[in-house]
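Pasting upload-v1.cif here (mmCIF, C-alpha atoms):
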```
data_protein
#
loop_
_atom_site.label_atom_id
_atom_site.label_comp_id
_atom_site.auth_asym_id
_atom_site.auth_seq_id
_atom_site.Cartn_x
_atom_site.Cartn_y
_atom_site.Cartn_z
CA THR L 195 -22.68 10.96 6.74
CA VAL L 196 -25.00 9.38 9.31
CA GLY L 197 -23.32 5.99 8.91
CA LEU L 198 -19.87 7.46 9.47
CA ILE L 199 -21.03 9.40 12.51
CA TYR L 200 -22.53 6.19 13.91
CA PHE L 201 -19.24 4.35 13.33
CA THR L 202 -17.34 7.23 14.93
CA ILE L 203 -19.34 6.91 18.14
CA LEU L 204 -19.60 3.10 18.18
CA PRO L 205 -16.00 2.32 19.22
CA ILE L 206 -16.09 4.93 21.97
CA VAL L 207 -19.28 3.78 23.70
CA SER L 208 -19.43 0.06 22.85
CA PRO L 209 -17.68 -2.84 24.55
CA TYR L 210 -15.38 -5.19 22.72
CA PRO L 211 -15.73 -6.96 20.29
CA LEU L 212 -18.30 -4.55 18.83
CA ALA L 213 -15.94 -1.60 19.22
CA THR L 214 -13.42 -3.10 16.80
CA ILE L 215 -15.81 -3.52 13.86
CA PRO L 216 -15.80 -0.10 12.12
CA THR L 217 -12.03 0.20 11.74
CA ILE L 218 -11.01 -3.50 11.74
CA LEU L 219 -7.89 -2.52 13.67
CA GLY L 220 -8.28 -4.51 16.87
CA LYS L 221 -8.53 -3.50 20.51
CA ARG L 222 -5.57 -1.15 20.72
CA LEU L 223 -6.37 1.07 17.75
CA SER L 224 -10.13 0.85 17.30
CA ARG L 225 -11.01 3.71 19.64
CA PRO L 226 -8.29 6.18 18.56
CA ALA L 227 -9.00 5.42 14.89
CA SER L 228 -12.56 6.67 15.27
CA ALA L 229 -11.09 10.15 14.75
CA PHE L 230 -10.37 9.18 11.13
CA THR L 231 -13.96 8.01 10.75
CA LEU L 232 -15.04 11.42 12.05
CA LEU L 233 -12.87 13.06 9.39
CA GLY L 234 -14.64 10.93 6.79
CA ALA L 235 -18.00 12.12 8.13
CA ILE L 236 -16.84 15.73 7.88
CA VAL L 237 -15.69 15.16 4.29
CA THR L 238 -19.04 13.67 3.28
CA TYR L 239 -20.87 16.55 4.95
CA SER L 240 -18.67 19.07 3.15
CA LEU L 241 -19.15 17.34 -0.18
CA LYS L 242 -22.89 17.24 0.22
CA PHE L 243 -23.47 20.85 1.22
CA ARG L 244 -20.69 22.70 -0.56
CA ARG L 245 -20.85 21.01 -3.98
CA HIS L 246 -23.60 23.14 -5.55
CA GLU L 247 -22.29 26.35 -4.05
CA SER L 248 -18.74 25.89 -5.37
CA VAL L 249 -19.93 24.84 -8.84
CA SER L 250 -22.21 27.84 -9.19
CA ASN L 251 -19.52 30.24 -8.01
CA ASN L 252 -16.86 28.49 -10.15
CA SER L 253 -14.36 29.07 -7.37
CA GLY L 254 -11.15 27.28 -6.49
CA GLU L 255 -13.16 25.31 -3.98
CA HIS L 256 -14.40 23.11 -6.84
CA GLU L 257 -10.97 21.48 -7.23
CA MET L 258 -10.68 20.91 -3.48
CA LEU L 259 -14.06 19.16 -3.41
CA ARG L 260 -13.03 16.97 -6.34
CA THR L 261 -9.87 15.95 -4.45
CA LEU L 262 -11.87 15.21 -1.28
CA ARG L 263 -14.29 13.10 -3.28
CA LYS L 264 -11.49 11.08 -4.87
CA GLY L 265 -9.84 10.60 -1.47
CA LEU L 266 -13.10 9.37 0.02
CA ALA L 267 -13.53 6.96 -2.87
CA VAL L 268 -10.02 5.55 -2.54
CA GLY L 269 -10.28 5.23 1.24
CA SER L 270 -13.63 3.44 1.13
CA ALA L 271 -12.56 1.15 -1.68
CA SER L 272 -9.36 0.26 0.18
CA HIS L 273 -11.32 -0.49 3.34
CA LEU L 274 -13.69 -2.79 1.44
CA LEU L 275 -10.79 -4.52 -0.30
CA LEU L 276 -9.06 -5.22 3.02
CA ILE L 277 -12.24 -6.63 4.55
CA PHE L 278 -12.84 -8.78 1.48
CA LEU L 279 -9.28 -10.13 1.62
CA LYS L 280 -9.70 -10.93 5.31
CA LEU L 281 -12.96 -12.73 4.70
CA ILE L 282 -11.62 -14.92 1.92
CA GLY L 283 -8.61 -15.75 4.08
CA VAL L 284 -5.59 -14.30 2.33
CA ASP L 285 -3.79 -13.93 5.67
CA GLY L 286 -4.26 -17.36 7.20
CA GLY L 287 -7.50 -18.89 6.09
CA GLY L 288 -11.11 -17.89 5.71
CA TRP L 289 -14.14 -18.64 3.60
CA ILE L 290 -12.18 -19.54 0.45
CA PHE L 291 -8.59 -20.29 1.45
CA ARG L 292 -8.01 -23.10 3.92
CA GLY L 293 -7.07 -22.32 7.49
CA ARG L 294 -8.46 -20.91 10.71
CA GLY L 295 -7.01 -17.39 10.36
CA LEU L 296 -10.33 -15.59 10.09
CA TRP L 297 -11.71 -17.22 13.24
CA GLU L 298 -8.49 -16.99 15.26
CA VAL L 299 -7.11 -13.62 14.18
CA TYR L 300 -10.41 -11.74 13.64
CA PRO L 301 -12.84 -13.21 16.16
CA ALA L 302 -14.56 -9.86 16.65
CA MET L 303 -15.64 -9.75 13.01
CA ILE L 304 -17.11 -13.24 13.30
CA SER L 305 -18.78 -12.67 16.68
CA VAL L 306 -20.81 -9.63 15.54
CA PRO L 307 -21.61 -10.34 11.88
CA PHE L 308 -24.50 -7.86 11.65
CA ALA L 309 -22.31 -4.92 12.66
CA ALA L 310 -19.59 -6.09 10.28
CA GLY L 311 -22.14 -6.26 7.47
CA VAL L 312 -23.46 -2.80 8.24
CA SER L 313 -19.91 -1.43 8.23
CA MET L 314 -19.28 -2.98 4.83
CA ALA L 315 -22.59 -1.59 3.56
CA VAL L 316 -21.73 1.94 4.72
CA HIS L 317 -18.36 1.82 2.99
CA GLY L 318 -19.96 0.29 -0.11
CA ILE L 319 -22.47 3.14 -0.29
CA LEU L 320 -19.64 5.64 0.14
CA CYS L 321 -17.76 3.98 -2.71
CA LEU L 322 -20.74 4.09 -5.01
CA ALA L 323 -21.49 7.70 -4.16
CA ALA L 324 -17.90 8.86 -4.46
CA PHE L 325 -17.22 7.05 -7.75
CA SER L 326 -20.51 8.02 -9.37
CA LYS L 327 -20.80 11.04 -11.61
CA ASP L 328 -24.05 12.73 -10.71
CA ASP L 329 -23.21 15.76 -12.80
CA ASP L 330 -20.50 16.66 -15.27
CA SER L 331 -19.10 19.47 -13.17
CA MET L 332 -17.79 17.26 -10.33
CA GLY L 333 -16.03 14.67 -12.56
#
```

What would you get if you wrote out this structure as structure tokens?
Amino acid sequence: TVGLIYFTILPIVSPYPLATIPTILGKRLSRPASAFTLLGAIVTYSLKFRRHESVSNNSGEHEMLRTLRKGLAVGSASHLLLIFLKLIGVDGGGWIFRGRGLWEVYPAMISVPFAAGVSMAVHGILCLAAFSKDDDSMG
């Protein structure tokens, strides 16, 4: 949750190229897309604090939380897959495929590698947490 809140605020208060890192969408969409990152933070907060309550009450909220968890897992995994594909150079060259696409098309990612790494780490942690089964009731 803290990582997503950080990446919600980062595009709003940071200059470019740092502002483009959390969403990998470029200058035009990086700031408006922080609203989706905020929604992700709200989902993680809801999952963390409502999970035990809904399981113990055996309410219909249990199914909603399961759906939110799956959606968070799919969204984080998709984000990581897109970043991985960009890094290896599927769309014009990168670390594995020949070409200058990564350096010409995504210069922001290359100019602030620490922030890009932290963003990938946050989404990786979200993937692991969302795909893991910490108890049988949340499946």

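The residue that comes closest to Tyr300 in chain L, out of L:Ala267, L:Leu274, L:Ile218, L:Val237 and on the basis of all atoms listed in the file, is L:Ile218.
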
Review point. Expressed in Å to a single decimal, how great is the separation between CA of Leu241 in chain L and CA of Val316 in chain L?
Key: 16.4 Å

Practice item. Output the residue selection produced by the PyMOL selection byres ((chain L and resi 322-325) around 9) on the file above, formatted as a PyMOL selection string. Key: chain L and resi 263-268+270+317-321+326-328

Check your understanding: Hey, which of L:Leu279, L:Leu262, L:Ala315, L:Ile206 ends up closest to Phe291 in chain L? Count only C-alpha atoms.
Key -> L:Leu279

Practice item. Quick one: everything within 9 Å of Met303 in chain L, counting all atoms listed in the file, minus sequence neighbours fewer than 2 positions away in the same chain. Send it as JSON, numbers by chain. Key: {"L": [211, 212, 214, 215, 218, 296, 297, 300, 301, 305, 306, 307, 309, 310]}

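A straight line drawn from CA of Val312 in chain L to CA of Gly197 in chain L is 8.8 Å long.
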
Exercise for review: Please evaluate the PyMOL selection byres ((chain L and resi 224) around 12) against the displayed coordinates and give the resulting residues as a PyMOL selection string.
Suggested key: chain L and resi 201-223+225-231+302

Check your understanding: Interatomic distance between CA of Ala235 in chain L and CA of Ile199 in chain L?
Key ->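 For CA of Ala235 in chain L relative to CA of Ile199 in chain L, the distance reads 6.0 Å.
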
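Running the PyMOL selection byres ((chain L and resi 280) around 10) on this file leaves L:Ile218, L:Leu274, L:Leu275, L:Leu276, L:Ile277, L:Phe278, L:Leu279, L:Leu281, L:Ile282, L:Gly283, L:Val284, L:Asp285, L:Gly286, L:Gly287, L:Gly288, L:Trp289, L:Gly295, L:Leu296, L:Val299, L:Tyr300, L:Met303 selected.
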
What does the file look like for those residues with C-alpha atoms, as a compact mmCIF listing (two decimals), in the coordinates of the input?
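This went into out_24.txt:
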```txt
# COMPACT_ATOMS: atom_id res chain seq x y z
CA ILE L 218 -11.01 -3.50 11.74
CA LEU L 274 -13.69 -2.79 1.44
CA LEU L 275 -10.79 -4.52 -0.30
CA LEU L 276 -9.06 -5.22 3.02
CA ILE L 277 -12.24 -6.63 4.55
CA PHE L 278 -12.84 -8.78 1.48
CA LEU L 279 -9.28 -10.13 1.62
CA LEU L 281 -12.96 -12.73 4.70
CA ILE L 282 -11.62 -14.92 1.92
CA GLY L 283 -8.61 -15.75 4.08
CA VAL L 284 -5.59 -14.30 2.33
CA ASP L 285 -3.79 -13.93 5.67
CA GLY L 286 -4.26 -17.36 7.20
CA GLY L 287 -7.50 -18.89 6.09
CA GLY L 288 -11.11 -17.89 5.71
CA TRP L 289 -14.14 -18.64 3.60
CA GLY L 295 -7.01 -17.39 10.36
CA LEU L 296 -10.33 -15.59 10.09
CA VAL L 299 -7.11 -13.62 14.18
CA TYR L 300 -10.41 -11.74 13.64
CA MET L 303 -15.64 -9.75 13.01
```
